[in-house]
>>> print(open('work_7.cif').read())   # mmCIF, C-alpha atoms
data_final
#
loop_
_atom_site.label_atom_id
_atom_site.label_comp_id
_atom_site.auth_asym_id
_atom_site.auth_seq_id
_atom_site.Cartn_x
_atom_site.Cartn_y
_atom_site.Cartn_z
CA MET Y 87 8.96 -92.39 69.12
CA ASN Y 88 6.55 -93.89 66.64
CA ASP Y 89 8.26 -96.78 64.83
CA THR Y 90 5.31 -97.47 62.54
CA PRO Y 91 6.49 -97.24 58.90
CA ARG Y 92 4.97 -94.40 56.95
CA ASP Y 93 2.85 -95.15 53.90
CA LEU Y 94 4.58 -92.97 51.33
CA THR Y 95 1.96 -93.76 48.72
CA ALA Y 96 -0.62 -91.92 50.81
CA SER Y 97 1.13 -88.57 50.33
CA PRO Y 98 2.86 -88.54 46.94
CA LEU Y 99 5.46 -85.84 46.28
CA LYS Y 100 3.95 -82.90 44.46
CA ILE Y 101 6.31 -80.75 42.40
CA GLU Y 102 5.07 -77.28 41.48
CA TRP Y 103 7.15 -76.55 38.41
CA ASP Y 104 5.40 -73.26 37.77
CA LYS Y 105 6.17 -71.83 41.22
CA ILE Y 106 9.09 -69.39 41.02
CA LEU Y 107 11.19 -69.12 44.18
CA CYS Y 108 13.69 -66.64 42.75
CA SER Y 109 15.25 -65.61 39.44
CA ARG Y 110 18.97 -66.36 39.21
CA THR Y 111 21.54 -67.07 36.54
CA THR Y 112 24.14 -69.44 37.96
CA ILE Y 113 26.31 -71.17 35.37
CA PRO Y 114 27.07 -74.87 35.93
CA THR Y 115 30.53 -75.86 34.73
CA LEU Y 116 33.56 -77.98 35.63
CA GLN Y 117 37.32 -77.96 35.87
CA VAL Y 118 39.85 -79.81 33.75
CA VAL Y 119 43.03 -80.67 35.63
CA VAL Y 120 46.03 -81.73 33.57
CA ASN Y 121 47.17 -85.30 34.22
CA PRO Y 122 48.56 -88.21 32.16
CA LEU Y 123 45.17 -89.59 31.09
CA LEU Y 124 44.54 -86.37 29.18
CA ARG Y 125 47.80 -86.69 27.29
CA ARG Y 126 47.54 -87.44 23.58
CA GLY Y 127 47.80 -91.17 23.03
CA SER Y 128 46.15 -92.16 26.32
CA PRO Y 129 43.30 -94.68 26.02
CA ILE Y 130 40.68 -92.09 26.98
CA HIS Y 131 42.13 -88.87 25.55
CA ASP Y 132 39.85 -88.66 22.53
CA ARG Y 133 36.67 -89.65 24.36
CA ALA Y 134 37.28 -87.34 27.33
CA PHE Y 135 37.85 -84.25 25.19
CA ALA Y 136 34.96 -85.21 22.90
CA GLU Y 137 32.65 -85.37 25.92
CA LEU Y 138 33.95 -82.01 27.14
CA ARG Y 139 33.17 -80.48 23.76
CA ARG Y 140 29.75 -82.15 23.66
CA LEU Y 141 28.89 -80.84 27.10
CA GLY Y 142 29.24 -77.28 25.84
CA ALA Y 143 29.86 -75.68 29.23
CA ASP Y 144 30.88 -72.05 29.64
CA TYR Y 145 33.76 -70.93 31.84
CA VAL Y 146 35.39 -74.34 32.13
CA ARG Y 147 38.48 -73.98 34.31
CA PHE Y 148 41.74 -75.37 32.92
CA VAL Y 149 44.49 -76.09 35.47
CA PRO Y 150 47.95 -77.46 34.62
CA TRP Y 151 48.56 -78.88 38.10
CA PHE Y 152 51.82 -78.80 40.06
CA PRO Y 153 52.58 -82.56 40.58
CA TYR Y 154 53.59 -82.67 36.91
CA PRO Y 155 56.18 -79.90 36.55
CA ARG Y 156 56.92 -80.56 32.87
CA ASP Y 157 53.20 -80.18 32.13
CA SER Y 158 52.67 -77.06 34.23
CA ILE Y 159 55.87 -74.97 34.25
CA ALA Y 160 57.05 -73.46 30.98
CA GLU Y 161 60.41 -72.30 32.34
CA LEU Y 162 61.82 -74.99 34.63
CA TYR Y 163 65.20 -73.35 35.24
CA PRO Y 164 66.33 -69.76 35.79
CA PRO Y 165 67.55 -67.71 32.83
CA GLU Y 166 71.31 -67.32 33.00
CA ASN Y 167 74.36 -66.88 30.80
CA GLY Y 168 72.18 -65.60 27.97
CA LYS Y 169 70.08 -68.76 27.83
CA THR Y 170 66.56 -69.65 28.96
CA SER Y 171 64.70 -72.94 29.46
CA TRP Y 172 61.36 -71.98 27.91
CA ASP Y 173 59.70 -75.16 26.67
CA PHE Y 174 56.03 -75.68 25.80
CA SER Y 175 56.43 -79.06 24.11
CA SER Y 176 54.69 -80.96 26.92
CA ILE Y 177 52.29 -78.18 27.90
CA ASP Y 178 50.95 -77.19 24.49
CA PRO Y 179 49.12 -80.41 23.57
CA PHE Y 180 47.01 -80.31 26.74
CA THR Y 181 46.26 -76.61 26.40
CA ILE Y 182 45.48 -76.68 22.70
CA ASP Y 183 43.24 -79.74 23.04
CA PHE Y 184 41.38 -78.01 25.86
CA LEU Y 185 40.93 -74.73 23.97
CA GLU Y 186 39.79 -76.57 20.85
CA ALA Y 187 37.29 -78.61 22.91
CA ALA Y 188 35.96 -75.36 24.39
CA ASN Y 189 34.91 -74.57 20.82
CA GLY Y 190 34.87 -70.80 21.27
CA ARG Y 191 33.03 -70.78 24.60
CA PRO Y 192 34.44 -68.60 27.39
CA VAL Y 193 37.18 -70.25 29.45
CA VAL Y 194 39.19 -69.71 32.63
CA LEU Y 195 42.91 -70.56 32.52
CA ASN Y 196 45.00 -71.09 35.63
CA PHE Y 197 48.67 -71.91 35.21
CA SER Y 198 49.01 -72.05 38.94
CA THR Y 199 52.59 -73.15 39.56
CA ILE Y 200 55.27 -70.56 40.19
CA PRO Y 201 58.65 -71.84 38.95
CA PRO Y 202 60.46 -72.99 42.09
CA TRP Y 203 63.69 -71.22 41.18
CA MET Y 204 61.93 -67.91 41.78
CA PHE Y 205 61.82 -68.49 45.52
CA ALA Y 206 64.56 -67.27 47.80
CA ALA Y 207 65.19 -70.86 48.93
CA GLY Y 208 67.07 -71.23 45.63
CA HIS Y 209 67.00 -75.00 45.76
CA THR Y 210 67.69 -77.19 42.74
CA VAL Y 211 64.79 -79.41 41.74
CA PRO Y 212 65.54 -82.85 40.25
CA TYR Y 213 62.58 -82.94 37.88
CA PRO Y 214 61.77 -86.46 36.69
CA GLU Y 215 62.50 -87.08 33.02
CA ASP Y 216 59.16 -88.84 32.66
CA PRO Y 217 56.50 -86.11 32.51
CA ASP Y 218 53.91 -88.60 33.80
CA GLN Y 219 55.78 -89.16 37.06
CA PRO Y 220 54.33 -86.92 39.76
CA ILE Y 221 56.43 -85.24 42.44
CA TRP Y 222 54.78 -83.60 45.41
CA ASN Y 223 57.49 -81.87 47.42
CA TYR Y 224 59.23 -79.41 45.14
CA GLN Y 225 57.19 -76.33 46.01
CA VAL Y 226 59.16 -74.96 48.94
CA GLY Y 227 59.81 -71.46 50.18
CA THR Y 228 57.50 -68.59 51.03
CA GLU Y 229 59.46 -65.51 49.93
CA LEU Y 230 60.23 -64.75 46.31
CA GLY Y 231 63.84 -63.97 45.49
CA ASP Y 232 62.87 -60.88 43.49
CA PRO Y 233 61.02 -58.47 45.79
CA THR Y 234 60.04 -56.26 42.84
CA LEU Y 235 57.90 -59.15 41.48
CA LYS Y 236 59.08 -58.35 37.94
CA GLU Y 237 60.45 -61.88 37.55
CA LEU Y 238 57.13 -63.40 38.63
CA SER Y 239 54.89 -61.10 36.60
CA GLY Y 240 57.10 -61.37 33.53
CA TYR Y 241 56.76 -65.15 33.56
CA PHE Y 242 52.97 -65.04 33.52
CA ALA Y 243 52.86 -62.25 30.94
CA ARG Y 244 54.95 -64.39 28.59
CA LEU Y 245 52.67 -67.37 29.20
CA VAL Y 246 49.67 -65.32 28.14
CA SER Y 247 51.52 -63.87 25.15
CA TRP Y 248 52.44 -67.38 23.99
CA TYR Y 249 48.78 -68.34 23.72
CA THR Y 250 47.20 -65.04 22.67
CA LYS Y 251 49.82 -63.05 20.71
CA GLY Y 252 51.68 -65.69 18.74
CA GLY Y 253 54.73 -65.76 21.00
CA PHE Y 254 56.91 -63.62 23.25
CA THR Y 255 60.35 -62.11 23.73
CA ASP Y 256 62.33 -63.77 26.51
CA GLU Y 257 64.51 -62.28 29.25
CA PHE Y 258 67.47 -61.93 26.87
CA GLY Y 259 65.57 -60.42 23.96
CA LYS Y 260 65.10 -63.59 21.92
CA ARG Y 261 61.76 -64.05 20.19
CA HIS Y 262 59.88 -67.35 20.68
CA GLU Y 263 57.11 -67.98 18.15
CA SER Y 264 54.02 -70.06 18.96
CA GLY Y 265 51.55 -69.17 16.23
CA HIS Y 266 48.76 -69.27 18.83
CA HIS Y 267 46.09 -66.56 18.86
CA TYR Y 268 43.51 -67.94 21.25
CA LYS Y 269 41.06 -65.88 23.24
CA ILE Y 270 41.40 -66.17 27.01
CA ASP Y 271 38.38 -64.76 28.80
CA TYR Y 272 39.55 -65.10 32.40
CA TRP Y 273 42.94 -65.72 33.94
CA GLU Y 274 42.85 -67.07 37.48
CA VAL Y 275 45.86 -65.94 39.48
CA LEU Y 276 47.47 -68.93 41.24
CA ASN Y 277 45.67 -71.80 42.96
CA GLU Y 278 45.00 -72.47 46.63
CA PRO Y 279 47.63 -70.03 47.88
CA ASP Y 280 46.55 -70.78 51.44
CA PHE Y 281 48.13 -74.22 50.86
CA GLU Y 282 50.85 -73.55 48.29
CA HIS Y 283 53.85 -71.72 49.72
CA GLU Y 284 51.76 -70.78 52.77
CA THR Y 285 51.00 -67.49 51.08
CA THR Y 286 49.71 -64.70 53.33
CA PRO Y 287 46.88 -62.38 52.22
CA GLU Y 288 49.40 -59.56 51.89
CA GLN Y 289 51.80 -61.64 49.77
CA TYR Y 290 49.04 -62.92 47.56
CA THR Y 291 47.50 -59.49 46.97
CA ALA Y 292 50.87 -58.03 45.96
CA ARG Y 293 51.52 -60.95 43.60
CA TYR Y 294 48.01 -60.69 42.16
CA ASP Y 295 48.48 -57.00 41.43
CA ALA Y 296 51.84 -57.56 39.75
CA ILE Y 297 50.61 -60.47 37.61
CA VAL Y 298 47.41 -58.70 36.60
CA SER Y 299 49.28 -55.54 35.61
CA ALA Y 300 51.71 -57.50 33.44
CA ILE Y 301 49.01 -59.59 31.75
CA ARG Y 302 46.83 -56.55 31.04
CA ALA Y 303 49.79 -54.99 29.23
CA VAL Y 304 49.75 -58.03 26.93
CA ASP Y 305 45.98 -58.37 26.56
CA PRO Y 306 43.79 -55.66 28.13
CA GLU Y 307 40.61 -57.64 27.35
CA ILE Y 308 41.36 -60.46 29.79
CA LYS Y 309 39.46 -60.47 33.08
CA PHE Y 310 40.77 -61.97 36.30
CA VAL Y 311 39.83 -64.38 39.06
CA GLY Y 312 41.47 -63.93 42.43
CA MET Y 313 42.15 -65.96 45.58
CA SER Y 314 41.14 -69.55 44.69
CA LEU Y 315 41.20 -70.54 48.34
CA ALA Y 316 41.20 -74.18 49.39
CA MET Y 317 39.80 -73.59 52.88
CA PRO Y 318 37.60 -70.48 52.77
CA GLY Y 319 36.05 -71.15 56.16
CA ARG Y 320 39.45 -70.98 57.83
CA ASN Y 321 40.64 -67.82 56.09
CA PRO Y 322 38.26 -64.89 56.67
CA ASP Y 323 41.24 -62.53 56.85
CA PHE Y 324 42.06 -63.42 53.25
CA PHE Y 325 38.68 -62.15 52.07
CA GLU Y 326 38.83 -59.05 54.26
CA TYR Y 327 42.23 -58.09 52.91
CA PHE Y 328 41.96 -59.05 49.25
CA LEU Y 329 38.47 -57.65 48.68
CA ASN Y 330 39.40 -54.26 50.13
CA PRO Y 331 40.29 -52.05 47.12
CA ARG Y 332 42.55 -49.95 49.35
CA ASN Y 333 44.96 -52.89 49.55
CA HIS Y 334 45.46 -52.94 45.78
CA LYS Y 335 47.34 -50.69 43.42
CA PRO Y 336 45.19 -48.10 41.61
CA GLY Y 337 43.34 -49.49 38.62
CA ILE Y 338 43.70 -53.19 39.52
CA PRO Y 339 40.40 -54.93 38.74
CA LEU Y 340 38.63 -57.24 41.16
CA ASP Y 341 36.51 -58.95 38.53
CA MET Y 342 35.86 -62.22 40.32
CA ILE Y 343 36.92 -64.28 43.32
CA SER Y 344 37.00 -68.06 43.70
CA TYR Y 345 37.15 -70.67 46.41
CA HIS Y 346 36.59 -74.40 46.82
CA PHE Y 347 34.52 -77.02 48.59
CA TYR Y 348 35.07 -80.74 49.04
CA ALA Y 349 33.09 -82.94 51.40
CA VAL Y 350 35.25 -85.67 52.94
CA PRO Y 351 33.97 -88.53 55.14
CA ALA Y 352 35.76 -90.34 57.93
CA GLU Y 353 37.70 -93.42 56.90
CA ASP Y 354 35.36 -95.90 58.57
CA GLU Y 355 32.11 -94.59 57.06
CA SER Y 356 30.00 -96.79 54.83
CA LEU Y 357 28.25 -95.29 51.84
CA GLU Y 358 25.02 -95.21 53.84
CA VAL Y 359 26.73 -93.03 56.44
CA GLU Y 360 28.74 -90.98 53.95
CA GLN Y 361 25.60 -89.50 52.45
CA HIS Y 362 24.73 -87.82 55.76
CA THR Y 363 28.31 -86.55 56.15
CA TYR Y 364 28.39 -85.05 52.67
CA PHE Y 365 25.15 -83.12 52.99
CA ALA Y 366 26.00 -81.93 56.52
CA GLN Y 367 29.35 -80.63 55.29
CA ALA Y 368 27.62 -79.04 52.30
CA ASP Y 369 25.35 -77.14 54.67
CA GLY Y 370 28.40 -75.98 56.61
CA PHE Y 371 30.03 -74.78 53.40
CA LEU Y 372 26.90 -72.88 52.39
CA ASN Y 373 27.09 -71.05 55.71
CA THR Y 374 30.64 -70.10 54.75
CA VAL Y 375 29.36 -68.79 51.42
CA ARG Y 376 26.85 -66.60 53.22
CA PHE Y 377 29.63 -65.24 55.44
CA VAL Y 378 31.91 -64.55 52.46
CA GLU Y 379 29.06 -62.90 50.60
CA ALA Y 380 28.58 -60.49 53.49
CA ILE Y 381 32.26 -59.50 53.24
CA ARG Y 382 32.15 -59.20 49.45
CA LYS Y 383 29.02 -57.07 49.41
CA ARG Y 384 30.51 -54.75 52.01
CA LEU Y 385 33.93 -54.30 50.43
CA SER Y 386 33.58 -54.97 46.69
CA PRO Y 387 29.95 -55.47 45.64
CA SER Y 388 30.71 -55.48 41.90
CA THR Y 389 33.06 -58.47 42.24
CA GLN Y 390 31.55 -61.74 41.04
CA THR Y 391 32.12 -65.21 42.48
CA THR Y 392 32.93 -68.64 41.10
CA ILE Y 393 33.00 -71.68 43.35
CA ASN Y 394 35.18 -73.55 40.89
CA GLU Y 395 36.01 -76.77 42.72
CA ILE Y 396 32.91 -78.49 44.09
CA GLY Y 397 33.06 -82.16 44.90
CA VAL Y 398 33.21 -85.05 47.31
CA ILE Y 399 36.34 -87.07 48.04
CA ARG Y 400 36.31 -90.56 49.52
CA ALA Y 401 38.62 -90.98 52.49
CA ASP Y 402 40.57 -93.63 50.59
CA ASP Y 403 41.77 -90.99 48.11
CA LEU Y 404 43.63 -89.20 50.88
CA LYS Y 405 45.86 -92.26 51.37
CA GLN Y 406 46.87 -92.47 47.71
CA PHE Y 407 50.29 -90.95 48.39
CA MET Y 408 51.23 -93.65 50.90
CA PRO Y 409 53.73 -96.28 49.68
CA GLY Y 410 52.02 -99.51 48.69
CA HIS Y 411 48.51 -98.08 48.83
CA THR Y 412 45.96 -99.86 46.66
CA ALA Y 413 42.83 -97.92 45.73
CA GLN Y 414 39.61 -99.44 47.01
CA PRO Y 415 36.73 -100.13 44.58
CA ILE Y 416 34.19 -97.35 44.31
CA PRO Y 417 30.56 -98.57 44.38
CA ASP Y 418 28.33 -97.45 41.52
CA ALA Y 419 25.94 -95.72 43.92
CA TYR Y 420 28.74 -93.39 44.99
CA TRP Y 421 28.64 -91.56 41.65
CA ASN Y 422 24.91 -90.93 42.05
CA LEU Y 423 25.54 -89.58 45.54
CA ALA Y 424 28.36 -87.33 44.30
CA GLY Y 425 26.11 -85.95 41.58
CA ALA Y 426 23.33 -85.33 44.09
CA VAL Y 427 25.68 -83.35 46.36
CA TYR Y 428 26.71 -81.12 43.45
CA ALA Y 429 23.05 -80.57 42.53
CA TYR Y 430 22.23 -79.69 46.13
CA VAL Y 431 25.10 -77.22 46.41
CA PHE Y 432 24.31 -75.73 43.00
CA ILE Y 433 20.69 -75.04 43.89
CA HIS Y 434 21.67 -73.23 47.06
CA LEU Y 435 24.45 -71.28 45.35
CA ALA Y 436 21.91 -70.15 42.77
CA ARG Y 437 19.61 -68.92 45.51
CA LEU Y 438 22.55 -67.00 47.02
CA GLY Y 439 23.31 -65.35 43.68
CA ILE Y 440 26.69 -67.00 43.01
CA GLU Y 441 27.55 -66.56 39.35
CA ILE Y 442 29.45 -69.81 38.54
CA ALA Y 443 29.47 -73.27 40.15
CA GLY Y 444 32.16 -75.61 38.85
CA GLU Y 445 32.30 -79.33 39.55
CA SER Y 446 35.62 -81.05 40.11
CA GLN Y 447 36.85 -82.61 37.84
CA LEU Y 448 36.82 -84.08 34.32
CA VAL Y 449 39.33 -86.91 34.84
CA GLY Y 450 40.53 -88.53 38.05
CA TYR Y 451 41.89 -92.06 38.41
CA PRO Y 452 43.60 -94.31 40.96
CA SER Y 453 46.56 -92.35 42.38
CA GLN Y 454 44.98 -89.08 41.18
CA PHE Y 455 41.80 -88.63 43.24
CA PRO Y 456 39.65 -91.23 41.48
CA SER Y 457 36.55 -90.33 43.49
CA VAL Y 458 36.33 -86.85 41.94
CA SER Y 459 36.30 -88.05 38.34
CA MET Y 460 33.39 -87.13 36.07
CA VAL Y 461 34.27 -89.84 33.54
CA ASP Y 462 35.20 -93.50 33.71
CA TRP Y 463 39.01 -93.50 33.67
CA ASN Y 464 39.03 -96.73 31.69
CA THR Y 465 36.74 -95.64 28.86
CA GLY Y 466 36.28 -91.85 29.12
CA ALA Y 467 32.50 -92.28 29.26
CA PRO Y 468 30.67 -89.85 31.57
CA ASN Y 469 29.49 -91.13 34.93
CA ALA Y 470 26.53 -89.96 37.00
CA ARG Y 471 28.34 -86.84 38.16
#
>>> encode(input="work_7.cif", output="structure tokens")
Amino acid sequence: MNDTPRDLTASPLKIEWDKILCSRTTIPTLQVVVNPLLRRGSPIHDRAFAELRRLGADYVRFVPWFPYPRDSIAELYPPENGKTSWDFSSIDPFTIDFLEAANGRPVVLNFSTIPPWMFAAGHTVPYPEDPDQPIWNYQVGTELGDPTLKELSGYFARLVSWYTKGGFTDEFGKRHESGHHYKIDYWEVLNEPDFEHETTPEQYTARYDAIVSAIRAVDPEIKFVGMSLAMPGRNPDFFEYFLNPRNHKPGIPLDMISYHFYAVPAEDESLEVEQHTYFAQADGFLNTVRFVEAIRKRLSPSTQTTINEIGVIRADDLKQFMPGHTAQPIPDAYWNLAGAVYAYVFIHLARLGIEIAGESQLVGYPSQFPSVSMVDWNTGAPNAR
């Protein structure tokens, strides 16, 4: 081994900007996950949404996330005795602020949480009165209580009607008026089903078909994103099953699929070591993309792809749910590294022909995955990501 330092000034980097490697159109974008710092009145609400509007990204993904049931579930309790629990008072401000910040650009909405009362477990959930208090263990059960899926699909159809058709008629025939007439370009059906409710490919495909059919009856212009897998490398059967048109009802569109990537270091790694871990894991993920692309092209070549959660997560974030955990400071250089990993993944996704690459996420903060945030959670100002 030659330990003599190299003289980098002797061979300066030459960039050939006019050399075309390939022609691709891959859209860079991000996701916006609902959490308390995006609530009206928070110290960074105005700045965060202003920066989102200023960014002007297409196909931003909006996800009312499950730890906050009052912000993500519009019908917390089952309809019974002629009464329903439909309530958008906590959900609407987030959704409206997001849609207004999108400023007419195409969006992807994902109300991912199935009301827990729909599952055969039939358990009663003690939702916290404070909508900002997260709960993590209320999504139990794997089988839905209604095997016809009419209960499930009706819920999502009413959600869409609330935002696109000015309101909806509930299970007992009562009209609920919203006054909203927004355009929803894509509806993503559920989120990380390989984690949530341990959904099988067969269960998910049946639920996708039912939800898509019901939403298309409300708004036939909406397109759909399917799968949204958390661990694509571990679930090849999911792709094989879902992307096979023979496993769907006639006429069900397979417009787009989605899946996610996060690089995560070991707990004892310094930032100097983390950089090698992140890029090595990124290369592994890109191999997964190539594998998935081979399945997609074989079974459903017209289906597009969005990798709509791309990011790095510090190991400390994974301990945030432990009692008494105190978040460790994040060095400034980390944000540069996180941005570099996204750029690296984006370039390779573009070369592979992936249509959309979405970074995760607009706002994180201590107790809510601070290391994935794209803005300073104290000020709302963008960071290097």
>>> closest_residue(input="work_7.cif", among="Y:Glu379, Y:Asp323, Y:Glu445, Y:Glu358", to="Y:Ile396", atoms="all atoms listed in the file")
Y:Glu445
>>> atom_distance(input="work_7.cif", atom1="atom CA of Y:Asn394", atom2="atom CA of Y:Phe152")
17.5 Å
>>> residues_around(input="work_7.cif", residues="stretch 457-466 of chain Y", least_positions_apart="6", cutoff="6 Å", atoms="all atoms listed in the file", output="number ranges by chain")
Y: 130, 133-134, 399, 447-451
>>> resolve_selection(input="work_7.cif", expression="the PyMOL selection byres ((chain Y and resi 314) around 12)", output="PDB file with C-alpha atoms, in the frame of the given file")
ATOM      1  CA  ARG Y 147      38.480 -73.980  34.310  1.00  0.00           C
ATOM      2  CA  VAL Y 149      44.490 -76.090  35.470  1.00  0.00           C
ATOM      3  CA  ASN Y 196      45.000 -71.090  35.630  1.00  0.00           C
ATOM      4  CA  SER Y 198      49.010 -72.050  38.940  1.00  0.00           C
ATOM      5  CA  TRP Y 273      42.940 -65.720  33.940  1.00  0.00           C
ATOM      6  CA  GLU Y 274      42.850 -67.070  37.480  1.00  0.00           C
ATOM      7  CA  VAL Y 275      45.860 -65.940  39.480  1.00  0.00           C
ATOM      8  CA  LEU Y 276      47.470 -68.930  41.240  1.00  0.00           C
ATOM      9  CA  ASN Y 277      45.670 -71.800  42.960  1.00  0.00           C
ATOM     10  CA  GLU Y 278      45.000 -72.470  46.630  1.00  0.00           C
ATOM     11  CA  PRO Y 279      47.630 -70.030  47.880  1.00  0.00           C
ATOM     12  CA  ASP Y 280      46.550 -70.780  51.440  1.00  0.00           C
ATOM     13  CA  PHE Y 281      48.130 -74.220  50.860  1.00  0.00           C
ATOM     14  CA  GLU Y 282      50.850 -73.550  48.290  1.00  0.00           C
ATOM     15  CA  THR Y 285      51.000 -67.490  51.080  1.00  0.00           C
ATOM     16  CA  PRO Y 287      46.880 -62.380  52.220  1.00  0.00           C
ATOM     17  CA  TYR Y 290      49.040 -62.920  47.560  1.00  0.00           C
ATOM     18  CA  TYR Y 294      48.010 -60.690  42.160  1.00  0.00           C
ATOM     19  CA  PHE Y 310      40.770 -61.970  36.300  1.00  0.00           C
ATOM     20  CA  VAL Y 311      39.830 -64.380  39.060  1.00  0.00           C
ATOM     21  CA  GLY Y 312      41.470 -63.930  42.430  1.00  0.00           C
ATOM     22  CA  MET Y 313      42.150 -65.960  45.580  1.00  0.00           C
ATOM     23  CA  LEU Y 315      41.200 -70.540  48.340  1.00  0.00           C
ATOM     24  CA  ALA Y 316      41.200 -74.180  49.390  1.00  0.00           C
ATOM     25  CA  MET Y 317      39.800 -73.590  52.880  1.00  0.00           C
ATOM     26  CA  PRO Y 318      37.600 -70.480  52.770  1.00  0.00           C
ATOM     27  CA  ASN Y 321      40.640 -67.820  56.090  1.00  0.00           C
ATOM     28  CA  PHE Y 324      42.060 -63.420  53.250  1.00  0.00           C
ATOM     29  CA  PHE Y 325      38.680 -62.150  52.070  1.00  0.00           C
ATOM     30  CA  PHE Y 328      41.960 -59.050  49.250  1.00  0.00           C
ATOM     31  CA  MET Y 342      35.860 -62.220  40.320  1.00  0.00           C
ATOM     32  CA  ILE Y 343      36.920 -64.280  43.320  1.00  0.00           C
ATOM     33  CA  SER Y 344      37.000 -68.060  43.700  1.00  0.00           C
ATOM     34  CA  TYR Y 345      37.150 -70.670  46.410  1.00  0.00           C
ATOM     35  CA  HIS Y 346      36.590 -74.400  46.820  1.00  0.00           C
ATOM     36  CA  PHE Y 347      34.520 -77.020  48.590  1.00  0.00           C
ATOM     37  CA  THR Y 391      32.120 -65.210  42.480  1.00  0.00           C
ATOM     38  CA  THR Y 392      32.930 -68.640  41.100  1.00  0.00           C
ATOM     39  CA  ILE Y 393      33.000 -71.680  43.350  1.00  0.00           C
ATOM     40  CA  ASN Y 394      35.180 -73.550  40.890  1.00  0.00           C
ATOM     41  CA  GLU Y 395      36.010 -76.770  42.720  1.00  0.00           C
TER      42      GLU Y 395
END
>>> closest_residue(input="work_7.cif", among="Y:Arg400, Y:Lys105, Y:Arg125, Y:His267", to="Y:Leu357", atoms="only C-alpha atoms")
Y:Arg400
>>> residues_around(input="work_7.cif", residues="stretch 221-226 of chain Y", least_positions_apart="5", cutoff="10 Å", atoms="only C-alpha atoms", output="list in words")
Phe152, Pro153, Tyr154, Pro155, Thr199, Ile200, Pro201, Pro202, Trp203, Phe205, Ala206, Ala207, Gly208, His209, Thr210, Val211, Pro212, Tyr213, Pro214, Glu282, His283, Glu284 and Phe407 of chain Y
>>> atom_distance(input="work_7.cif", atom1="atom CA of Y:Tyr327", atom2="atom CA of Y:Thr291")
8.1 Å
>>> resolve_selection(input="work_7.cif", expression="the PyMOL selection byres ((chain Y and resi 254) around 12)", output="ChimeraX atom specification")
/Y:172,240-253,255-266,304
>>> closest_residue(input="work_7.cif", among="Y:Tyr428, Y:Phe174, Y:Trp103, Y:Tyr272", to="Y:Asp144", atoms="all atoms listed in the file")
Y:Tyr272
>>> atom_distance(input="work_7.cif", atom1="atom CA of Y:Tyr364", atom2="atom CA of Y:Ala429")
12.3 Å
>>> closest_residue(input="work_7.cif", among="Y:Asp341, Y:Asp218, Y:Glu360, Y:Glu355", to="Y:Glu307", atoms="all atoms listed in the file")
Y:Asp341
>>> closest_residue(input="work_7.cif", among="Y:Val375, Y:Leu340, Y:Leu124, Y:Ala368", to="Y:Tyr430", atoms="all atoms listed in the file")
Y:Ala368
>>> closest_residue(input="work_7.cif", among="Y:Asp183, Y:Glu441, Y:Glu161, Y:Asp402", to="Y:Arg126", atoms="only C-alpha atoms")
Y:Asp183
